[in-house]
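Peer 1: model-v1.tsv (TSV, N, CA and C atoms) pasted underneath:
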```tsv
chain	number	residue	atom	x	y	z
T	1	MET	N	118.17	103.17	-6.85
T	1	MET	CA	118.15	102.63	-5.51
T	1	MET	C	116.72	102.48	-5.02
T	2	LYS	N	116.52	101.46	-4.26
T	2	LYS	CA	115.21	101.20	-3.68
T	2	LYS	C	115.07	101.97	-2.37
T	3	ALA	N	113.91	102.55	-2.13
T	3	ALA	CA	113.67	103.29	-0.90
T	3	ALA	C	113.62	102.34	0.29
T	4	ARG	N	114.10	102.80	1.40
T	4	ARG	CA	114.06	102.05	2.66
T	4	ARG	C	113.05	102.72	3.57
T	5	GLU	N	112.47	101.94	4.46
T	5	GLU	CA	111.47	102.49	5.36
T	5	GLU	C	111.76	101.99	6.77
T	6	ILE	N	111.77	102.89	7.74
T	6	ILE	CA	111.99	102.53	9.13
T	6	ILE	C	110.83	103.07	9.95
T	7	GLU	N	110.25	102.20	10.78
T	7	GLU	CA	109.14	102.60	11.65
T	7	GLU	C	109.45	102.17	13.07
T	8	PHE	N	109.03	102.98	14.05
T	8	PHE	CA	109.14	102.60	15.46
T	8	PHE	C	107.80	102.84	16.12
T	9	ASN	N	107.29	101.80	16.79
T	9	ASN	CA	106.03	101.90	17.51
T	9	ASN	C	106.35	102.05	18.99
T	10	GLU	N	106.10	103.21	19.54
T	10	GLU	CA	106.43	103.50	20.94
T	10	GLU	C	105.66	102.60	21.90
T	11	THR	N	104.42	102.26	21.56
T	11	THR	CA	103.58	101.45	22.44
T	11	THR	C	104.10	100.02	22.54
T	12	THR	N	104.37	99.40	21.41
T	12	THR	CA	104.84	98.01	21.41
T	12	THR	C	106.35	97.89	21.51
T	13	LYS	N	107.06	99.00	21.40
T	13	LYS	CA	108.53	99.04	21.41
T	13	LYS	C	109.11	98.20	20.28
T	14	MET	N	108.43	98.23	19.12
T	14	MET	CA	108.89	97.45	17.97
T	14	MET	C	109.47	98.37	16.90
T	15	LEU	N	110.64	97.97	16.40
T	15	LEU	CA	111.30	98.65	15.30
T	15	LEU	C	111.16	97.78	14.06
T	16	VAL	N	110.72	98.39	12.96
T	16	VAL	CA	110.55	97.67	11.69
T	16	VAL	C	111.37	98.38	10.63
T	17	TYR	N	112.18	97.59	9.91
T	17	TYR	CA	112.99	98.12	8.82
T	17	TYR	C	112.60	97.37	7.56
T	18	LYS	N	112.18	98.09	6.55
T	18	LYS	CA	111.77	97.48	5.29
T	18	LYS	C	112.74	97.90	4.20
T	19	GLY	N	113.42	96.92	3.63
T	19	GLY	CA	114.34	97.14	2.53
T	19	GLY	C	114.28	95.93	1.63
T	20	ASN	N	115.42	95.33	1.37
T	20	ASN	CA	115.43	94.07	0.62
T	20	ASN	C	114.80	92.95	1.44
T	21	TYR	N	114.88	93.07	2.77
T	21	TYR	CA	114.28	92.11	3.70
T	21	TYR	C	113.42	92.90	4.69
T	22	LEU	N	112.56	92.21	5.40
T	22	LEU	CA	111.74	92.83	6.43
T	22	LEU	C	112.29	92.43	7.79
T	23	TYR	N	112.87	93.39	8.50
T	23	TYR	CA	113.45	93.16	9.82
T	23	TYR	C	112.50	93.71	10.87
T	24	LYS	N	112.28	92.92	11.94
T	24	LYS	CA	111.47	93.39	13.06
T	24	LYS	C	112.19	93.01	14.35
T	25	VAL	N	112.27	93.96	15.25
T	25	VAL	CA	112.85	93.68	16.56
T	25	VAL	C	111.98	94.40	17.60
T	26	ALA	N	111.68	93.69	18.68
T	26	ALA	CA	110.88	94.26	19.76
T	26	ALA	C	111.60	93.99	21.07
T	27	TYR	N	111.63	94.97	21.92
T	27	TYR	CA	112.34	94.87	23.19
T	27	TYR	C	111.84	93.66	23.99
T	28	GLY	N	112.75	92.75	24.30
T	28	GLY	CA	112.42	91.57	25.09
T	28	GLY	C	111.65	90.49	24.36
T	29	LYS	N	111.44	90.66	23.04
T	29	LYS	CA	110.62	89.69	22.31
T	29	LYS	C	111.32	89.06	21.12
T	30	GLY	N	112.54	89.40	20.84
T	30	GLY	CA	113.25	88.74	19.77
T	30	GLY	C	113.38	89.55	18.50
T	31	PHE	N	113.86	88.85	17.49
T	31	PHE	CA	114.25	89.48	16.24
T	31	PHE	C	113.84	88.56	15.10
T	32	THR	N	113.20	89.12	14.07
T	32	THR	CA	112.81	88.31	12.91
T	32	THR	C	113.31	88.96	11.63
T	33	VAL	N	113.57	88.11	10.64
T	33	VAL	CA	113.90	88.54	9.28
T	33	VAL	C	112.93	87.81	8.36
T	34	ASP	N	112.14	88.59	7.64
T	34	ASP	CA	111.11	88.03	6.77
T	34	ASP	C	110.23	87.02	7.51
T	35	GLY	N	109.90	87.33	8.75
T	35	GLY	CA	109.00	86.50	9.55
T	35	GLY	C	109.64	85.31	10.23
T	36	GLU	N	110.93	85.07	9.98
T	36	GLU	CA	111.62	83.94	10.60
T	36	GLU	C	112.33	84.39	11.87
T	37	GLN	N	111.97	83.80	13.00
T	37	GLN	CA	112.58	84.13	14.29
T	37	GLN	C	114.03	83.69	14.30
T	38	LEU	N	114.94	84.59	14.66
T	38	LEU	CA	116.35	84.25	14.74
T	38	LEU	C	116.70	83.91	16.18
T	39	PRO	N	117.56	82.92	16.39
T	39	PRO	CA	117.93	82.54	17.76
T	39	PRO	C	118.71	83.66	18.45
T	40	MET	N	118.43	83.87	19.71
T	40	MET	CA	119.12	84.91	20.47
T	40	MET	C	120.18	84.32	21.41
T	41	GLU	N	120.21	83.00	21.54
T	41	GLU	CA	121.18	82.35	22.42
T	41	GLU	C	122.38	81.92	21.59
T	42	TYR	N	123.25	82.84	21.32
T	42	TYR	CA	124.46	82.57	20.55
T	42	TYR	C	125.66	82.92	21.43
T	43	PRO	N	126.84	82.38	21.13
T	43	PRO	CA	128.01	82.69	21.95
T	43	PRO	C	128.32	84.19	21.97
T	44	ARG	N	128.91	84.64	23.06
T	44	ARG	CA	129.32	86.04	23.18
T	44	ARG	C	130.47	86.34	22.23
T	45	LEU	N	131.36	85.36	22.07
T	45	LEU	CA	132.53	85.57	21.22
T	45	LEU	C	132.92	84.27	20.54
T	46	ILE	N	133.12	84.33	19.24
T	46	ILE	CA	133.72	83.24	18.47
T	46	ILE	C	134.80	83.90	17.62
T	47	SER	N	136.05	83.63	17.97
T	47	SER	CA	137.16	84.26	17.25
T	47	SER	C	138.42	83.43	17.45
T	48	PRO	N	139.49	83.80	16.78
T	48	PRO	CA	140.76	83.10	17.02
T	48	PRO	C	141.25	83.22	18.47
T	49	TYR	N	140.75	84.21	19.20
T	49	TYR	CA	141.17	84.44	20.58
T	49	TYR	C	140.50	83.49	21.56
T	50	GLY	N	139.35	82.96	21.19
T	50	GLY	CA	138.65	82.05	22.08
T	50	GLY	C	137.18	81.94	21.73
T	51	ARG	N	136.52	81.05	22.43
T	51	ARG	CA	135.06	80.87	22.31
T	51	ARG	C	134.48	81.09	23.68
T	52	ILE	N	133.58	82.05	23.78
T	52	ILE	CA	133.02	82.42	25.07
T	52	ILE	C	131.51	82.33	24.98
T	53	PRO	N	130.88	81.54	25.87
T	53	PRO	CA	129.42	81.45	25.86
T	53	PRO	C	128.80	82.72	26.41
T	54	ARG	N	127.49	82.83	26.31
T	54	ARG	CA	126.79	83.97	26.88
T	54	ARG	C	126.75	83.83	28.41
T	55	LYS	N	126.91	84.93	29.08
T	55	LYS	CA	126.84	85.02	30.55
T	55	LYS	C	127.76	84.01	31.25
T	56	PRO	N	129.04	83.99	30.90
T	56	PRO	CA	129.95	83.03	31.54
T	56	PRO	C	130.31	83.50	32.95
T	57	GLU	N	130.67	82.54	33.80
T	57	GLU	CA	131.16	82.89	35.14
T	57	GLU	C	132.59	83.41	35.04
T	58	GLU	N	133.34	82.83	34.10
T	58	GLU	CA	134.71	83.27	33.91
T	58	GLU	C	135.09	83.17	32.44
T	59	VAL	N	136.11	83.94	32.05
T	59	VAL	CA	136.58	84.00	30.68
T	59	VAL	C	138.10	83.93	30.69
T	60	ARG	N	138.66	83.10	29.81
T	60	ARG	CA	140.11	83.07	29.63
T	60	ARG	C	140.39	83.08	28.13
T	61	ILE	N	141.17	84.04	27.71
T	61	ILE	CA	141.55	84.20	26.31
T	61	ILE	C	143.07	84.13	26.23
T	62	GLU	N	143.58	83.35	25.27
T	62	GLU	CA	145.03	83.27	25.06
T	62	GLU	C	145.36	83.66	23.63
T	63	TRP	N	146.45	84.40	23.49
T	63	TRP	CA	146.88	84.83	22.16
T	63	TRP	C	148.36	85.16	22.19
T	64	GLU	N	149.10	84.58	21.27
T	64	GLU	CA	150.53	84.85	21.09
T	64	GLU	C	151.31	84.82	22.40
T	65	GLY	N	151.06	83.76	23.19
T	65	GLY	CA	151.83	83.56	24.42
T	65	GLY	C	151.38	84.37	25.61
T	66	HIS	N	150.26	85.08	25.52
T	66	HIS	CA	149.72	85.86	26.64
T	66	HIS	C	148.28	85.46	26.90
T	67	TYR	N	147.80	85.78	28.10
T	67	TYR	CA	146.43	85.44	28.45
T	67	TYR	C	145.74	86.62	29.15
T	68	LEU	N	144.43	86.57	29.11
T	68	LEU	CA	143.59	87.51	29.86
T	68	LEU	C	142.52	86.66	30.53
T	69	TYR	N	142.35	86.82	31.83
T	69	TYR	CA	141.39	86.04	32.60
T	69	TYR	C	140.48	86.99	33.37
T	70	HIS	N	139.18	86.72	33.33
T	70	HIS	CA	138.19	87.46	34.12
T	70	HIS	C	137.31	86.46	34.85
T	71	ASN	N	137.06	86.71	36.13
T	71	ASN	CA	136.01	86.02	36.88
T	71	ASN	C	135.08	87.13	37.36
T	72	PHE	N	133.91	87.20	36.75
T	72	PHE	CA	133.03	88.33	36.98
T	72	PHE	C	132.40	88.32	38.38
T	73	ASP	N	132.08	87.13	38.91
T	73	ASP	CA	131.46	87.05	40.23
T	73	ASP	C	132.45	87.44	41.33
T	74	LYS	N	133.71	87.06	41.17
T	74	LYS	CA	134.73	87.33	42.19
T	74	LYS	C	135.53	88.59	41.91
T	75	LEU	N	135.17	89.30	40.83
T	75	LEU	CA	135.85	90.54	40.45
T	75	LEU	C	137.36	90.35	40.29
T	76	ILE	N	137.74	89.27	39.60
T	76	ILE	CA	139.15	88.96	39.36
T	76	ILE	C	139.49	89.26	37.90
T	77	ARG	N	140.60	89.97	37.70
T	77	ARG	CA	141.13	90.20	36.35
T	77	ARG	C	142.62	89.94	36.42
T	78	GLU	N	143.10	89.00	35.60
T	78	GLU	CA	144.51	88.67	35.54
T	78	GLU	C	144.95	88.67	34.09
T	79	HIS	N	146.24	88.96	33.87
T	79	HIS	CA	146.81	88.88	32.53
T	79	HIS	C	148.31	88.67	32.65
T	80	GLY	N	148.88	88.15	31.58
T	80	GLY	CA	150.33	87.94	31.59
T	80	GLY	C	150.73	86.88	30.59
T	81	PRO	N	151.98	86.45	30.67
T	81	PRO	CA	152.45	85.41	29.77
T	81	PRO	C	151.84	84.05	30.14
T	82	VAL	N	151.59	83.21	29.13
T	82	VAL	CA	151.08	81.87	29.37
T	82	VAL	C	152.19	81.01	29.95
T	83	GLY	N	151.84	80.20	30.93
T	83	GLY	CA	152.82	79.24	31.46
T	83	GLY	C	153.36	79.61	32.74
```
Produce structure tokens that represent the structure in this file.
Peer 2:
Amino acid sequence: MKAREIEFNETTKMLVYKGNYLYKVAYGKGFTVDGEQLPMEYPRLISPYGRIPRKPEEVRIEWEGHYLYHNFDKLIREHGPVG
């Protein structure tokens, strides 16, 4: 087995993991793998239950004839049968 190395710099708030790849993550500054910046704007959920973007105003998920609805700004949560 190859040795792994983990370092944390308290000053820069950067975590570095060295293994098969070089991972770096810094608080508020993103994430890289082998020097390539990875996008941080990805959907919150991609699944058979639904597709939910990041920071949505509302969420509705349907599965097997039932639904779950949230409106975060209005503090609404509903659920029940579809239809």
Peer 1: So which residues of chain T fall under strand (DSSP E or B) by DSSP, listed as a PDB file with N, CA and C atoms, in the coordinates of the input?
Peer 2:
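Result went into selection_19.pdb, see below:
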```
ATOM      1  N   GLU T   5     112.470 101.940   4.460  1.00  0.00           N
ATOM      2  CA  GLU T   5     111.470 102.490   5.360  1.00  0.00           C
ATOM      3  C   GLU T   5     111.760 101.990   6.770  1.00  0.00           C
ATOM      4  N   ILE T   6     111.770 102.890   7.740  1.00  0.00           N
ATOM      5  CA  ILE T   6     111.990 102.530   9.130  1.00  0.00           C
ATOM      6  C   ILE T   6     110.830 103.070   9.950  1.00  0.00           C
ATOM      7  N   GLU T   7     110.250 102.200  10.780  1.00  0.00           N
ATOM      8  CA  GLU T   7     109.140 102.600  11.650  1.00  0.00           C
ATOM      9  C   GLU T   7     109.450 102.170  13.070  1.00  0.00           C
ATOM     10  N   PHE T   8     109.030 102.980  14.050  1.00  0.00           N
ATOM     11  CA  PHE T   8     109.140 102.600  15.460  1.00  0.00           C
ATOM     12  C   PHE T   8     107.800 102.840  16.120  1.00  0.00           C
ATOM     13  N   ASN T   9     107.290 101.800  16.790  1.00  0.00           N
ATOM     14  CA  ASN T   9     106.030 101.900  17.510  1.00  0.00           C
ATOM     15  C   ASN T   9     106.350 102.050  18.990  1.00  0.00           C
ATOM     16  N   MET T  14     108.430  98.230  19.120  1.00  0.00           N
ATOM     17  CA  MET T  14     108.890  97.450  17.970  1.00  0.00           C
ATOM     18  C   MET T  14     109.470  98.370  16.900  1.00  0.00           C
ATOM     19  N   LEU T  15     110.640  97.970  16.400  1.00  0.00           N
ATOM     20  CA  LEU T  15     111.300  98.650  15.300  1.00  0.00           C
ATOM     21  C   LEU T  15     111.160  97.780  14.060  1.00  0.00           C
ATOM     22  N   VAL T  16     110.720  98.390  12.960  1.00  0.00           N
ATOM     23  CA  VAL T  16     110.550  97.670  11.690  1.00  0.00           C
ATOM     24  C   VAL T  16     111.370  98.380  10.630  1.00  0.00           C
ATOM     25  N   TYR T  17     112.180  97.590   9.910  1.00  0.00           N
ATOM     26  CA  TYR T  17     112.990  98.120   8.820  1.00  0.00           C
ATOM     27  C   TYR T  17     112.600  97.370   7.560  1.00  0.00           C
ATOM     28  N   LYS T  18     112.180  98.090   6.550  1.00  0.00           N
ATOM     29  CA  LYS T  18     111.770  97.480   5.290  1.00  0.00           C
ATOM     30  C   LYS T  18     112.740  97.900   4.200  1.00  0.00           C
ATOM     31  N   LEU T  22     112.560  92.210   5.400  1.00  0.00           N
ATOM     32  CA  LEU T  22     111.740  92.830   6.430  1.00  0.00           C
ATOM     33  C   LEU T  22     112.290  92.430   7.790  1.00  0.00           C
ATOM     34  N   TYR T  23     112.870  93.390   8.500  1.00  0.00           N
ATOM     35  CA  TYR T  23     113.450  93.160   9.820  1.00  0.00           C
ATOM     36  C   TYR T  23     112.500  93.710  10.870  1.00  0.00           C
ATOM     37  N   LYS T  24     112.280  92.920  11.940  1.00  0.00           N
ATOM     38  CA  LYS T  24     111.470  93.390  13.060  1.00  0.00           C
ATOM     39  C   LYS T  24     112.190  93.010  14.350  1.00  0.00           C
ATOM     40  N   VAL T  25     112.270  93.960  15.250  1.00  0.00           N
ATOM     41  CA  VAL T  25     112.850  93.680  16.560  1.00  0.00           C
ATOM     42  C   VAL T  25     111.980  94.400  17.600  1.00  0.00           C
ATOM     43  N   ALA T  26     111.680  93.690  18.680  1.00  0.00           N
ATOM     44  CA  ALA T  26     110.880  94.260  19.760  1.00  0.00           C
ATOM     45  C   ALA T  26     111.600  93.990  21.070  1.00  0.00           C
ATOM     46  N   GLY T  30     112.540  89.400  20.840  1.00  0.00           N
ATOM     47  CA  GLY T  30     113.250  88.740  19.770  1.00  0.00           C
ATOM     48  C   GLY T  30     113.380  89.550  18.500  1.00  0.00           C
ATOM     49  N   PHE T  31     113.860  88.850  17.490  1.00  0.00           N
ATOM     50  CA  PHE T  31     114.250  89.480  16.240  1.00  0.00           C
ATOM     51  C   PHE T  31     113.840  88.560  15.100  1.00  0.00           C
ATOM     52  N   THR T  32     113.200  89.120  14.070  1.00  0.00           N
ATOM     53  CA  THR T  32     112.810  88.310  12.910  1.00  0.00           C
ATOM     54  C   THR T  32     113.310  88.960  11.630  1.00  0.00           C
ATOM     55  N   VAL T  33     113.570  88.110  10.640  1.00  0.00           N
ATOM     56  CA  VAL T  33     113.900  88.540   9.280  1.00  0.00           C
ATOM     57  C   VAL T  33     112.930  87.810   8.360  1.00  0.00           C
ATOM     58  N   GLU T  36     110.930  85.070   9.980  1.00  0.00           N
ATOM     59  CA  GLU T  36     111.620  83.940  10.600  1.00  0.00           C
ATOM     60  C   GLU T  36     112.330  84.390  11.870  1.00  0.00           C
ATOM     61  N   GLN T  37     111.970  83.800  13.000  1.00  0.00           N
ATOM     62  CA  GLN T  37     112.580  84.130  14.290  1.00  0.00           C
ATOM     63  C   GLN T  37     114.030  83.690  14.300  1.00  0.00           C
ATOM     64  N   LEU T  45     131.360  85.360  22.070  1.00  0.00           N
ATOM     65  CA  LEU T  45     132.530  85.570  21.220  1.00  0.00           C
ATOM     66  C   LEU T  45     132.920  84.270  20.540  1.00  0.00           C
ATOM     67  N   ILE T  46     133.120  84.330  19.240  1.00  0.00           N
ATOM     68  CA  ILE T  46     133.720  83.240  18.470  1.00  0.00           C
ATOM     69  C   ILE T  46     134.800  83.900  17.620  1.00  0.00           C
ATOM     70  N   SER T  47     136.050  83.630  17.970  1.00  0.00           N
ATOM     71  CA  SER T  47     137.160  84.260  17.250  1.00  0.00           C
ATOM     72  C   SER T  47     138.420  83.430  17.450  1.00  0.00           C
ATOM     73  N   GLY T  50     139.350  82.960  21.190  1.00  0.00           N
ATOM     74  CA  GLY T  50     138.650  82.050  22.080  1.00  0.00           C
ATOM     75  C   GLY T  50     137.180  81.940  21.730  1.00  0.00           C
ATOM     76  N   ARG T  51     136.520  81.050  22.430  1.00  0.00           N
ATOM     77  CA  ARG T  51     135.060  80.870  22.310  1.00  0.00           C
ATOM     78  C   ARG T  51     134.480  81.090  23.680  1.00  0.00           C
ATOM     79  N   ILE T  52     133.580  82.050  23.780  1.00  0.00           N
ATOM     80  CA  ILE T  52     133.020  82.420  25.070  1.00  0.00           C
ATOM     81  C   ILE T  52     131.510  82.330  24.980  1.00  0.00           C
ATOM     82  N   GLU T  58     133.340  82.830  34.100  1.00  0.00           N
ATOM     83  CA  GLU T  58     134.710  83.270  33.910  1.00  0.00           C
ATOM     84  C   GLU T  58     135.090  83.170  32.440  1.00  0.00           C
ATOM     85  N   VAL T  59     136.110  83.940  32.050  1.00  0.00           N
ATOM     86  CA  VAL T  59     136.580  84.000  30.680  1.00  0.00           C
ATOM     87  C   VAL T  59     138.100  83.930  30.690  1.00  0.00           C
ATOM     88  N   ARG T  60     138.660  83.100  29.810  1.00  0.00           N
ATOM     89  CA  ARG T  60     140.110  83.070  29.630  1.00  0.00           C
ATOM     90  C   ARG T  60     140.390  83.080  28.130  1.00  0.00           C
ATOM     91  N   ILE T  61     141.170  84.040  27.710  1.00  0.00           N
ATOM     92  CA  ILE T  61     141.550  84.200  26.310  1.00  0.00           C
ATOM     93  C   ILE T  61     143.070  84.130  26.230  1.00  0.00           C
ATOM     94  N   GLU T  62     143.580  83.350  25.270  1.00  0.00           N
ATOM     95  CA  GLU T  62     145.030  83.270  25.060  1.00  0.00           C
ATOM     96  C   GLU T  62     145.360  83.660  23.630  1.00  0.00           C
ATOM     97  N   TRP T  63     146.450  84.400  23.490  1.00  0.00           N
ATOM     98  CA  TRP T  63     146.880  84.830  22.160  1.00  0.00           C
ATOM     99  C   TRP T  63     148.360  85.160  22.190  1.00  0.00           C
ATOM    100  N   HIS T  66     150.260  85.080  25.520  1.00  0.00           N
ATOM    101  CA  HIS T  66     149.720  85.860  26.640  1.00  0.00           C
ATOM    102  C   HIS T  66     148.280  85.460  26.900  1.00  0.00           C
ATOM    103  N   TYR T  67     147.800  85.780  28.100  1.00  0.00           N
ATOM    104  CA  TYR T  67     146.430  85.440  28.450  1.00  0.00           C
ATOM    105  C   TYR T  67     145.740  86.620  29.150  1.00  0.00           C
ATOM    106  N   LEU T  68     144.430  86.570  29.110  1.00  0.00           N
ATOM    107  CA  LEU T  68     143.590  87.510  29.860  1.00  0.00           C
ATOM    108  C   LEU T  68     142.520  86.660  30.530  1.00  0.00           C
ATOM    109  N   TYR T  69     142.350  86.820  31.830  1.00  0.00           N
ATOM    110  CA  TYR T  69     141.390  86.040  32.600  1.00  0.00           C
ATOM    111  C   TYR T  69     140.480  86.990  33.370  1.00  0.00           C
ATOM    112  N   HIS T  70     139.180  86.720  33.330  1.00  0.00           N
ATOM    113  CA  HIS T  70     138.190  87.460  34.120  1.00  0.00           C
ATOM    114  C   HIS T  70     137.310  86.460  34.850  1.00  0.00           C
ATOM    115  N   ASN T  71     137.060  86.710  36.130  1.00  0.00           N
ATOM    116  CA  ASN T  71     136.010  86.020  36.880  1.00  0.00           C
ATOM    117  C   ASN T  71     135.080  87.130  37.360  1.00  0.00           C
ATOM    118  N   ILE T  76     137.740  89.270  39.600  1.00  0.00           N
ATOM    119  CA  ILE T  76     139.150  88.960  39.360  1.00  0.00           C
ATOM    120  C   ILE T  76     139.490  89.260  37.900  1.00  0.00           C
ATOM    121  N   ARG T  77     140.600  89.970  37.700  1.00  0.00           N
ATOM    122  CA  ARG T  77     141.130  90.200  36.350  1.00  0.00           C
ATOM    123  C   ARG T  77     142.620  89.940  36.420  1.00  0.00           C
ATOM    124  N   GLU T  78     143.100  89.000  35.600  1.00  0.00           N
ATOM    125  CA  GLU T  78     144.510  88.670  35.540  1.00  0.00           C
ATOM    126  C   GLU T  78     144.950  88.670  34.090  1.00  0.00           C
ATOM    127  N   HIS T  79     146.240  88.960  33.870  1.00  0.00           N
ATOM    128  CA  HIS T  79     146.810  88.880  32.530  1.00  0.00           C
ATOM    129  C   HIS T  79     148.310  88.670  32.650  1.00  0.00           C
ATOM    130  N   GLY T  80     148.880  88.150  31.580  1.00  0.00           N
ATOM    131  CA  GLY T  80     150.330  87.940  31.590  1.00  0.00           C
ATOM    132  C   GLY T  80     150.730  86.880  30.590  1.00  0.00           C
ATOM    133  N   PRO T  81     151.980  86.450  30.670  1.00  0.00           N
ATOM    134  CA  PRO T  81     152.450  85.410  29.770  1.00  0.00           C
ATOM    135  C   PRO T  81     151.840  84.050  30.140  1.00  0.00           C
TER     136      PRO T  81
END
```
Peer 1: Could you jot down the atom C of Leu38 of chain T to atom CA of Asn71 of chain T separation for me, Å, one decimal place?
Peer 2: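 Rounded to one decimal, the two atoms are 28.4 Å apart.
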Peer 1: What would the list of residues within 8 Å of (155.7, 84.3, 29.9) (file frame) look like as a ChimeraX atom specification, if all atoms listed in the file are what count?
Peer 2: /T:65-66,80-83
Peer 1: Under the rule that all atoms listed in the file are counted, which of T:Glu41, T:Lys29, T:Phe72, T:Glu7 is the nearest residue to Pro56 of chain T?
Peer 2: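 Under the stated criterion, the closest residue is T:Phe72.
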Peer 1: By how many Å are atom C of Trp63 of chain T and atom N of Leu75 of chain T apart?
Peer 2: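 Distance reported for this atom pair: 23.2 Å.
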Peer 1: So, counting only N, CA and C atoms, which residue among T:Met40, T:Glu62, T:Ala3, T:Arg54 is closest to Lys18 of chain T?
Peer 2: T:Ala3
Peer 1: What's around Ile6 of chain T at 7 Å? Count only N, CA and C atoms, leave out sequence neighbours fewer than 2 positions away in its own chain, and write the answer as a PyMOL selection string.
Peer 2: chain T and resi 4+8+15-18
Peer 1: Save out the residues we just selected, N, CA and C atoms, as a PDB file, keeping the file's coordinate frame.
Peer 2:
```
ATOM      1  N   ARG T   4     114.100 102.800   1.400  1.00  0.00           N
ATOM      2  CA  ARG T   4     114.060 102.050   2.660  1.00  0.00           C
ATOM      3  C   ARG T   4     113.050 102.720   3.570  1.00  0.00           C
ATOM      4  N   PHE T   8     109.030 102.980  14.050  1.00  0.00           N
ATOM      5  CA  PHE T   8     109.140 102.600  15.460  1.00  0.00           C
ATOM      6  C   PHE T   8     107.800 102.840  16.120  1.00  0.00           C
ATOM      7  N   LEU T  15     110.640  97.970  16.400  1.00  0.00           N
ATOM      8  CA  LEU T  15     111.300  98.650  15.300  1.00  0.00           C
ATOM      9  C   LEU T  15     111.160  97.780  14.060  1.00  0.00           C
ATOM     10  N   VAL T  16     110.720  98.390  12.960  1.00  0.00           N
ATOM     11  CA  VAL T  16     110.550  97.670  11.690  1.00  0.00           C
ATOM     12  C   VAL T  16     111.370  98.380  10.630  1.00  0.00           C
ATOM     13  N   TYR T  17     112.180  97.590   9.910  1.00  0.00           N
ATOM     14  CA  TYR T  17     112.990  98.120   8.820  1.00  0.00           C
ATOM     15  C   TYR T  17     112.600  97.370   7.560  1.00  0.00           C
ATOM     16  N   LYS T  18     112.180  98.090   6.550  1.00  0.00           N
ATOM     17  CA  LYS T  18     111.770  97.480   5.290  1.00  0.00           C
ATOM     18  C   LYS T  18     112.740  97.900   4.200  1.00  0.00           C
TER      19      LYS T  18
END
```
Peer 1: Step by step: locate segment 39-52 of chain T in the block above, keep N, CA and C atoms, then write the file as an mmCIF file, in the first residue's frame.
Peer 2:
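For reference, selection-v3.cif as written:
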```
data_model
loop_
_atom_site.group_PDB
_atom_site.id
_atom_site.type_symbol
_atom_site.label_atom_id
_atom_site.label_comp_id
_atom_site.auth_asym_id
_atom_site.auth_seq_id
_atom_site.Cartn_x
_atom_site.Cartn_y
_atom_site.Cartn_z
ATOM 1 N N PRO T 39 -15.795 22.643 -10.322
ATOM 2 C CA PRO T 39 -16.915 23.578 -10.164
ATOM 3 C C PRO T 39 -17.651 23.328 -8.847
ATOM 4 N N MET T 40 -18.045 24.396 -8.198
ATOM 5 C CA MET T 40 -18.770 24.277 -6.935
ATOM 6 C C MET T 40 -20.265 24.552 -7.107
ATOM 7 N N GLU T 41 -20.669 25.008 -8.286
ATOM 8 C CA GLU T 41 -22.080 25.293 -8.539
ATOM 9 C C GLU T 41 -22.719 24.088 -9.217
ATOM 10 N N TYR T 42 -23.069 23.117 -8.434
ATOM 11 C CA TYR T 42 -23.706 21.908 -8.934
ATOM 12 C C TYR T 42 -25.065 21.782 -8.248
ATOM 13 N N PRO T 43 -25.989 21.016 -8.829
ATOM 14 C CA PRO T 43 -27.308 20.880 -8.207
ATOM 15 C C PRO T 43 -27.221 20.282 -6.797
ATOM 16 N N ARG T 44 -28.170 20.649 -5.967
ATOM 17 C CA ARG T 44 -28.245 20.107 -4.608
ATOM 18 C C ARG T 44 -28.603 18.630 -4.646
ATOM 19 N N LEU T 45 -29.474 18.262 -5.592
ATOM 20 C CA LEU T 45 -29.922 16.872 -5.673
ATOM 21 C C LEU T 45 -30.174 16.499 -7.126
ATOM 22 N N ILE T 46 -29.636 15.373 -7.537
ATOM 23 C CA ILE T 46 -29.972 14.745 -8.817
ATOM 24 C C ILE T 46 -30.246 13.285 -8.484
ATOM 25 N N SER T 47 -31.512 12.900 -8.575
ATOM 26 C CA SER T 47 -31.882 11.528 -8.221
ATOM 27 C C SER T 47 -33.207 11.186 -8.886
ATOM 28 N N PRO T 48 -33.638 9.946 -8.754
ATOM 29 C CA PRO T 48 -34.959 9.587 -9.288
ATOM 30 C C PRO T 48 -36.094 10.379 -8.624
ATOM 31 N N TYR T 49 -35.850 10.944 -7.450
ATOM 32 C CA TYR T 49 -36.876 11.688 -6.721
ATOM 33 C C TYR T 49 -37.067 13.094 -7.264
ATOM 34 N N GLY T 50 -36.068 13.630 -7.924
ATOM 35 C CA GLY T 50 -36.184 14.974 -8.467
ATOM 36 C C GLY T 50 -34.830 15.593 -8.732
ATOM 37 N N ARG T 51 -34.864 16.764 -9.330
ATOM 38 C CA ARG T 51 -33.662 17.566 -9.578
ATOM 39 C C ARG T 51 -33.868 18.892 -8.882
ATOM 40 N N ILE T 52 -32.961 19.214 -7.980
ATOM 41 C CA ILE T 52 -33.108 20.418 -7.174
ATOM 42 C C ILE T 52 -31.851 21.259 -7.336
#
```
